[in-house]
>>> print(open('input.cif').read())   # mmCIF, C-alpha atoms
data_query
#
loop_
_atom_site.label_atom_id
_atom_site.label_comp_id
_atom_site.auth_asym_id
_atom_site.auth_seq_id
_atom_site.Cartn_x
_atom_site.Cartn_y
_atom_site.Cartn_z
CA MET F 1 75.22 121.04 66.82
CA PRO F 2 74.07 119.16 69.97
CA ARG F 3 75.29 120.44 73.31
CA PHE F 4 76.24 118.06 76.11
CA ASN F 5 75.20 118.67 79.64
CA GLY F 6 78.41 119.05 81.71
CA GLY F 7 76.82 117.32 84.72
CA PHE F 8 75.92 114.31 82.59
CA VAL F 9 79.48 114.05 81.29
CA LEU F 10 80.89 114.19 84.84
CA ILE F 11 78.49 111.50 86.07
CA PHE F 12 79.26 109.31 83.05
CA PHE F 13 83.02 109.73 83.62
CA ALA F 14 82.71 108.99 87.35
CA LEU F 15 80.67 105.85 86.75
CA PHE F 16 82.92 104.39 84.12
CA SER F 17 86.30 105.52 85.40
CA GLY F 18 85.45 103.90 88.73
CA ASN F 19 85.29 100.57 86.94
CA LEU F 20 88.87 100.93 85.74
CA LEU F 21 90.26 100.82 89.28
CA ALA F 22 88.87 98.36 91.80
CA ILE F 23 89.20 99.98 95.21
CA ASP F 24 86.34 99.38 97.60
CA ILE F 25 85.46 102.50 99.55
CA ASP F 26 84.54 102.28 103.26
CA ARG F 27 84.69 98.49 103.15
CA PRO F 28 87.61 96.30 104.24
CA MET F 29 89.81 94.83 101.54
CA THR F 30 92.19 91.92 102.14
CA ILE F 31 95.98 92.25 102.04
CA THR F 32 97.59 89.07 100.66
CA LEU F 33 101.24 88.15 100.32
CA GLN F 34 101.59 85.86 97.30
CA ALA F 35 104.43 83.46 96.58
CA SER F 36 102.69 81.63 93.74
CA GLU F 37 99.19 80.77 92.60
CA ASN F 38 99.24 77.91 95.12
CA GLU F 39 100.87 79.73 98.04
CA SER F 40 99.57 82.91 99.58
CA VAL F 41 98.83 84.31 103.04
CA ASP F 42 96.18 86.88 103.94
CA ILE F 43 97.99 89.15 106.40
CA GLY F 44 95.47 91.88 107.14
CA GLN F 45 92.74 94.26 106.14
CA ILE F 46 92.73 97.80 104.78
CA THR F 47 89.82 100.23 104.49
CA PHE F 48 89.97 103.13 102.03
CA THR F 49 87.98 106.35 102.31
CA ALA F 50 87.67 108.81 99.44
CA LYS F 51 89.49 112.04 100.25
CA GLY F 52 90.12 114.82 97.76
CA GLU F 53 91.99 113.47 94.75
CA GLY F 54 92.73 110.11 96.39
CA TYR F 55 92.09 107.89 99.39
CA SER F 56 93.00 107.89 103.04
CA TYR F 57 93.22 104.46 104.62
CA GLU F 58 93.36 102.45 107.82
CA LEU F 59 95.47 99.30 107.81
CA LYS F 60 95.34 96.47 110.33
CA LEU F 61 97.68 93.50 110.12
CA ASP F 62 96.41 90.16 111.45
CA GLU F 63 98.72 89.40 114.38
CA ASP F 64 97.69 85.73 114.28
CA LYS F 65 99.52 85.35 110.94
CA PHE F 66 102.82 86.44 112.49
CA GLU F 67 104.94 85.21 115.36
CA LYS F 68 106.80 87.58 117.66
CA GLN F 69 110.58 87.47 117.28
CA PHE F 70 113.13 89.49 119.22
CA LEU F 71 115.84 90.31 116.70
CA SER F 72 118.66 92.87 116.89
CA MET F 73 117.40 94.14 120.23
CA ARG F 74 113.80 94.82 119.16
CA PRO F 75 110.54 92.94 118.57
CA PHE F 76 109.34 92.03 115.06
CA ASP F 77 106.25 90.32 113.68
CA CYS F 78 107.59 87.54 111.46
CA MET F 79 106.60 84.61 109.28
CA GLN F 80 109.01 81.83 108.52
CA LYS F 81 109.61 78.62 106.74
CA PRO F 82 112.82 76.58 106.93
CA GLU F 83 114.70 78.49 104.22
CA ILE F 84 113.67 82.11 104.99
CA MET F 85 112.03 84.42 107.51
CA ILE F 86 110.32 87.71 106.69
CA CYS F 87 109.51 90.33 109.31
CA HIS F 88 107.25 93.35 109.07
CA LEU F 89 109.09 96.63 109.61
CA PRO F 90 106.68 99.28 110.87
CA TYR F 91 107.69 102.59 109.31
CA PRO F 92 109.03 104.57 112.30
CA TYR F 93 108.39 108.10 111.01
CA LYS F 94 105.41 110.21 109.94
CA ASN F 95 103.11 108.64 107.35
CA ASN F 96 100.01 110.48 106.10
CA ARG F 97 98.29 107.22 105.04
CA PHE F 98 97.03 108.77 101.81
CA ILE F 99 97.30 107.34 98.29
CA SER F 100 96.24 108.30 94.80
CA LYS F 101 96.44 106.50 91.48
CA GLU F 102 99.76 108.26 90.81
CA ASP F 103 101.28 107.96 94.30
CA MET F 104 101.15 104.82 96.45
CA THR F 105 104.19 105.63 98.60
CA ASP F 106 102.45 105.87 101.99
CA LEU F 107 100.97 102.40 101.50
CA GLU F 108 104.32 101.05 100.30
CA TYR F 109 105.89 102.37 103.53
CA ASP F 110 103.22 100.64 105.63
CA LEU F 111 104.11 97.29 104.02
CA LEU F 112 107.89 97.27 104.48
CA PHE F 113 109.53 93.97 105.40
CA LEU F 114 112.99 92.60 106.11
CA HIS F 115 114.16 89.08 105.36
CA LYS F 116 116.77 86.81 106.89
CA TYR F 117 118.09 83.35 106.21
CA PRO F 118 118.61 80.51 108.73
CA GLY F 119 121.78 80.85 110.72
CA GLU F 120 121.96 84.63 110.41
CA TYR F 121 122.13 86.41 113.73
CA GLY F 122 119.66 89.24 114.25
CA ILE F 123 118.20 91.09 111.34
CA ASN F 124 120.04 93.20 108.79
CA ALA F 125 118.46 96.42 107.45
CA TYR F 126 120.35 95.80 104.21
CA ASN F 127 117.87 92.95 103.51
CA GLY F 128 114.86 95.20 102.93
CA ILE F 129 111.73 94.24 101.03
CA TYR F 130 109.79 97.01 99.31
CA TYR F 131 106.57 96.33 97.40
CA GLN F 132 106.16 98.93 94.66
CA MET F 133 102.38 99.34 94.25
CA LYS F 134 100.02 100.20 91.43
CA MET F 135 96.24 100.31 91.09
CA THR F 136 94.67 97.82 88.72
CA ASP F 137 91.19 96.73 87.69
CA LYS F 138 91.46 94.00 90.37
CA GLY F 139 92.58 96.20 93.28
CA ILE F 140 96.16 97.08 94.16
CA GLU F 141 99.18 94.99 93.25
CA GLY F 142 102.72 95.35 94.54
CA LEU F 143 105.88 93.82 93.11
CA LEU F 144 108.79 93.04 95.43
CA HIS F 145 112.01 95.01 95.15
CA ASP F 146 115.15 94.71 97.24
CA VAL F 147 116.19 97.83 99.15
CA ASP F 148 118.80 98.72 101.73
CA MET F 149 116.76 100.08 104.64
CA ASN F 150 119.76 101.43 106.52
CA GLU F 151 118.45 104.79 105.30
CA LEU F 152 115.69 104.46 107.93
CA LYS F 153 118.06 104.10 110.90
CA VAL F 154 118.28 107.89 111.18
CA PRO F 155 115.21 110.15 111.09
CA PRO F 156 114.82 111.86 107.72
CA GLU F 157 115.40 115.59 107.40
CA GLU F 158 112.50 117.81 108.45
CA GLY F 159 109.81 117.72 105.75
CA ASN F 160 111.17 114.62 104.00
CA LEU F 161 108.45 112.02 104.50
CA ARG F 162 109.94 109.71 101.86
CA PRO F 163 113.59 108.89 102.40
CA ILE F 164 113.48 105.74 100.24
CA THR F 165 113.76 106.80 96.61
CA SER F 166 113.11 104.82 93.44
CA ASP F 167 116.82 104.73 92.59
CA MET F 168 117.36 102.75 95.82
CA LEU F 169 115.08 99.90 94.64
CA TYR F 170 116.51 96.85 92.90
CA GLU F 171 114.80 94.10 90.94
CA ALA F 172 114.39 91.09 93.21
CA SER F 173 115.19 87.50 92.32
CA PRO F 174 112.34 85.02 92.82
CA THR F 175 114.87 82.39 93.92
CA LYS F 176 115.99 84.62 96.79
CA HIS F 177 112.55 85.57 98.17
CA TRP F 178 109.36 84.02 99.46
CA PHE F 179 106.50 86.43 98.62
CA MET F 180 107.13 88.23 95.33
CA ASN F 181 103.78 90.07 95.29
CA VAL F 182 101.32 91.76 97.59
CA LEU F 183 97.68 91.99 96.52
CA ILE F 184 94.97 94.17 97.98
CA HIS F 185 91.60 92.87 96.86
#
>>> encode(input="input.cif", output="C-alpha cells")
Amino acid sequence: MPRFNGGFVLIFFALFSGNLLAIDIDRPMTITLQASENESVDIGQITFTAKGEGYSYELKLDEDKFEKQFLSMRPFDCMQKPEIMICHLPYPYKNNRFISKEDMTDLEYDLLFLHKYPGEYGINAYNGIYYQMKMTDKGIEGLLHDVDMNELKVPPEEGNLRPITSDMLYEASPTKHWFMNVLIH
C-alpha cells in the first residue's frame, strides 16, 4: 500500500484551500458599499496579515468619500442622498482586529453604520446598520442587518468584547436602506 508524505499533503492542502477563500495577504483590498450592480462606492482599504489560525488587519476609510456631520452632539463621517444619510459609527471599545473564516466579528464592528432620514433631528442609535460578513471565493461579503445600537451607549462588561449578539440582528428591507452589501475585494 503506498504511503503519502505528510509534508506533501500539507502543501497540497495549503495550495488548494487557499483558492477557496480569496483574501490577499499583505496587500490592500478595497472596501465597497454596494446598493446595486450599478451603484457602489469604494469607501476604503484593508490589509490582512496572516496570524495564527486567521488574519489580523489594518483598515483605513477614505475620508474623501464622506462628509463631516455634527449630529447628536458628536462628529460623524456620513454619505447622503436626498432620501437617506448613512454615517460610520467607529466602534468605541476594544477591538482586536482579528478575523478567521469562522469569526468575522471584529471586522463587522469596524464597519458599523447608522442611518437617518431627511427631517430627522440628530442621529438615533436605534437605526443601526450591521453587515454580517462571510469569506467567499471572491473576498469577503457582508449583508446588511438592522440592529439597535443603544447597547453601545454604555461600555460592555469587563471581558465582553462583543456586546452585539446575533439575536439582536434583524433582516433589513431593501426599500428602507441604501447599501445592502459590503464587499472586500
>>> resolve_selection(input="input.cif", expression="the PyMOL selection byres ((chain F and resi 30) around 12)", output="PyMOL selection string")
chain F and resi 23-24+27-29+31-33+40-48+59-62+138-141+182-185
>>> residues_around(input="input.cif", residues="Leu71 in chain F", least_positions_apart="3", cutoff="6 Å", atoms="all atoms listed in the file", output="MDAnalysis selection string")
chainID F and resid 74 122:123
>>> closest_residue(input="input.cif", among="F:Glu39, F:Glu63, F:Asp148, F:Glu158", to="Asn124 in chain F", atoms="all atoms listed in the file")
F:Asp148
>>> atom_distance(input="input.cif", atom1="CA of Met104 in chain F", atom2="CA of Lys134 in chain F")
6.9 Å
>>> resolve_selection(input="input.cif", expression="the PyMOL selection byres ((chain F and resi 108) around 12)", output="mmCIF file with C-alpha atoms, keeping the file's coordinate frame")
data_model
loop_
_atom_site.group_PDB
_atom_site.id
_atom_site.type_symbol
_atom_site.label_atom_id
_atom_site.label_comp_id
_atom_site.auth_asym_id
_atom_site.auth_seq_id
_atom_site.Cartn_x
_atom_site.Cartn_y
_atom_site.Cartn_z
ATOM 1 C CA LEU F 59 95.470 99.300 107.810
ATOM 2 C CA LEU F 89 109.090 96.630 109.610
ATOM 3 C CA PRO F 90 106.680 99.280 110.870
ATOM 4 C CA TYR F 91 107.690 102.590 109.310
ATOM 5 C CA ASN F 95 103.110 108.640 107.350
ATOM 6 C CA ASN F 96 100.010 110.480 106.100
ATOM 7 C CA ARG F 97 98.290 107.220 105.040
ATOM 8 C CA PHE F 98 97.030 108.770 101.810
ATOM 9 C CA ILE F 99 97.300 107.340 98.290
ATOM 10 C CA ASP F 103 101.280 107.960 94.300
ATOM 11 C CA MET F 104 101.150 104.820 96.450
ATOM 12 C CA THR F 105 104.190 105.630 98.600
ATOM 13 C CA ASP F 106 102.450 105.870 101.990
ATOM 14 C CA LEU F 107 100.970 102.400 101.500
ATOM 15 C CA TYR F 109 105.890 102.370 103.530
ATOM 16 C CA ASP F 110 103.220 100.640 105.630
ATOM 17 C CA LEU F 111 104.110 97.290 104.020
ATOM 18 C CA LEU F 112 107.890 97.270 104.480
ATOM 19 C CA PHE F 113 109.530 93.970 105.400
ATOM 20 C CA ILE F 129 111.730 94.240 101.030
ATOM 21 C CA TYR F 130 109.790 97.010 99.310
ATOM 22 C CA TYR F 131 106.570 96.330 97.400
ATOM 23 C CA GLN F 132 106.160 98.930 94.660
ATOM 24 C CA MET F 133 102.380 99.340 94.250
ATOM 25 C CA LYS F 134 100.020 100.200 91.430
ATOM 26 C CA ILE F 140 96.160 97.080 94.160
ATOM 27 C CA GLU F 141 99.180 94.990 93.250
ATOM 28 C CA GLY F 142 102.720 95.350 94.540
ATOM 29 C CA LEU F 143 105.880 93.820 93.110
ATOM 30 C CA LEU F 144 108.790 93.040 95.430
ATOM 31 C CA HIS F 145 112.010 95.010 95.150
ATOM 32 C CA ARG F 162 109.940 109.710 101.860
ATOM 33 C CA ILE F 164 113.480 105.740 100.240
ATOM 34 C CA THR F 165 113.760 106.800 96.610
ATOM 35 C CA SER F 166 113.110 104.820 93.440
ATOM 36 C CA VAL F 182 101.320 91.760 97.590
ATOM 37 C CA LEU F 183 97.680 91.990 96.520
ATOM 38 C CA ILE F 184 94.970 94.170 97.980
#
>>> axis_aligned_box(input="input.cif", around="range 56-64 of chain F", padding_each_side="6 Å", output="JSON")
{"center_x": 95.9, "center_y": 96.8, "center_z": 108.7, "size_x": 17.7, "size_y": 34.2, "size_z": 23.3}
>>> residues_near_point(input="input.cif", point="(113.5, 83.9, 107.7)", cutoff="12 Å", atoms="only C-alpha atoms", output="MDAnalysis selection string")
chainID F and resid 66:67 69 71 76:88 113:124 127 176:179
>>> atom_distance(input="input.cif", atom1="CA of Leu152 in chain F", atom2="CA of Thr175 in chain F")
26.2 Å
>>> closest_residue(input="input.cif", among="F:Asn181, F:Thr136, F:Thr49, F:Gln34", to="Lys101 in chain F", atoms="only C-alpha atoms")
F:Thr136
>>> decode(input="input.cif", residues="range 137-176 of chain F", atoms="C-alpha atoms", output="PDB file, in the first residue's frame")
ATOM      1  CA  ASP F 137     -14.077  32.758  -3.219  1.00  0.00           C
ATOM      2  CA  LYS F 138     -14.256  36.440  -4.268  1.00  0.00           C
ATOM      3  CA  GLY F 139     -13.155  38.009  -0.970  1.00  0.00           C
ATOM      4  CA  ILE F 140     -15.418  38.969   1.908  1.00  0.00           C
ATOM      5  CA  GLU F 141     -19.097  39.800   1.578  1.00  0.00           C
ATOM      6  CA  GLY F 142     -21.365  41.357   4.165  1.00  0.00           C
ATOM      7  CA  LEU F 143     -25.156  41.503   4.166  1.00  0.00           C
ATOM      8  CA  LEU F 144     -26.916  44.383   5.893  1.00  0.00           C
ATOM      9  CA  HIS F 145     -28.943  43.752   9.038  1.00  0.00           C
ATOM     10  CA  ASP F 146     -30.807  46.245  11.186  1.00  0.00           C
ATOM     11  CA  VAL F 147     -29.688  46.489  14.805  1.00  0.00           C
ATOM     12  CA  ASP F 148     -30.458  48.712  17.771  1.00  0.00           C
ATOM     13  CA  MET F 149     -27.058  50.118  18.742  1.00  0.00           C
ATOM     14  CA  ASN F 150     -28.258  51.581  22.024  1.00  0.00           C
ATOM     15  CA  GLU F 151     -26.376  48.626  23.523  1.00  0.00           C
ATOM     16  CA  LEU F 152     -23.147  50.508  22.707  1.00  0.00           C
ATOM     17  CA  LYS F 153     -24.034  53.639  24.700  1.00  0.00           C
ATOM     18  CA  VAL F 154     -22.651  52.019  27.850  1.00  0.00           C
ATOM     19  CA  PRO F 155     -19.268  50.251  27.945  1.00  0.00           C
ATOM     20  CA  PRO F 156     -19.658  46.467  27.913  1.00  0.00           C
ATOM     21  CA  GLU F 157     -18.839  44.441  30.999  1.00  0.00           C
ATOM     22  CA  GLU F 158     -15.152  43.685  31.546  1.00  0.00           C
ATOM     23  CA  GLY F 159     -14.058  40.954  29.129  1.00  0.00           C
ATOM     24  CA  ASN F 160     -17.095  41.269  26.838  1.00  0.00           C
ATOM     25  CA  LEU F 161     -15.634  42.495  23.557  1.00  0.00           C
ATOM     26  CA  ARG F 162     -18.832  41.690  21.646  1.00  0.00           C
ATOM     27  CA  PRO F 163     -21.955  43.233  23.133  1.00  0.00           C
ATOM     28  CA  ILE F 164     -23.949  42.960  19.884  1.00  0.00           C
ATOM     29  CA  THR F 165     -25.257  39.407  19.605  1.00  0.00           C
ATOM     30  CA  SER F 166     -26.770  37.595  16.633  1.00  0.00           C
ATOM     31  CA  ASP F 167     -30.226  37.599  18.238  1.00  0.00           C
ATOM     32  CA  MET F 168     -30.123  41.424  18.105  1.00  0.00           C
ATOM     33  CA  LEU F 169     -29.806  41.437  14.281  1.00  0.00           C
ATOM     34  CA  TYR F 170     -32.878  41.749  12.069  1.00  0.00           C
ATOM     35  CA  GLU F 171     -33.316  41.156   8.362  1.00  0.00           C
ATOM     36  CA  ALA F 172     -33.213  44.508   6.593  1.00  0.00           C
ATOM     37  CA  SER F 173     -35.620  45.697   3.924  1.00  0.00           C
ATOM     38  CA  PRO F 174     -34.010  46.841   0.661  1.00  0.00           C
ATOM     39  CA  THR F 175     -36.670  49.551   0.343  1.00  0.00           C
ATOM     40  CA  LYS F 176     -35.568  51.068   3.647  1.00  0.00           C
TER      41      LYS F 176
END
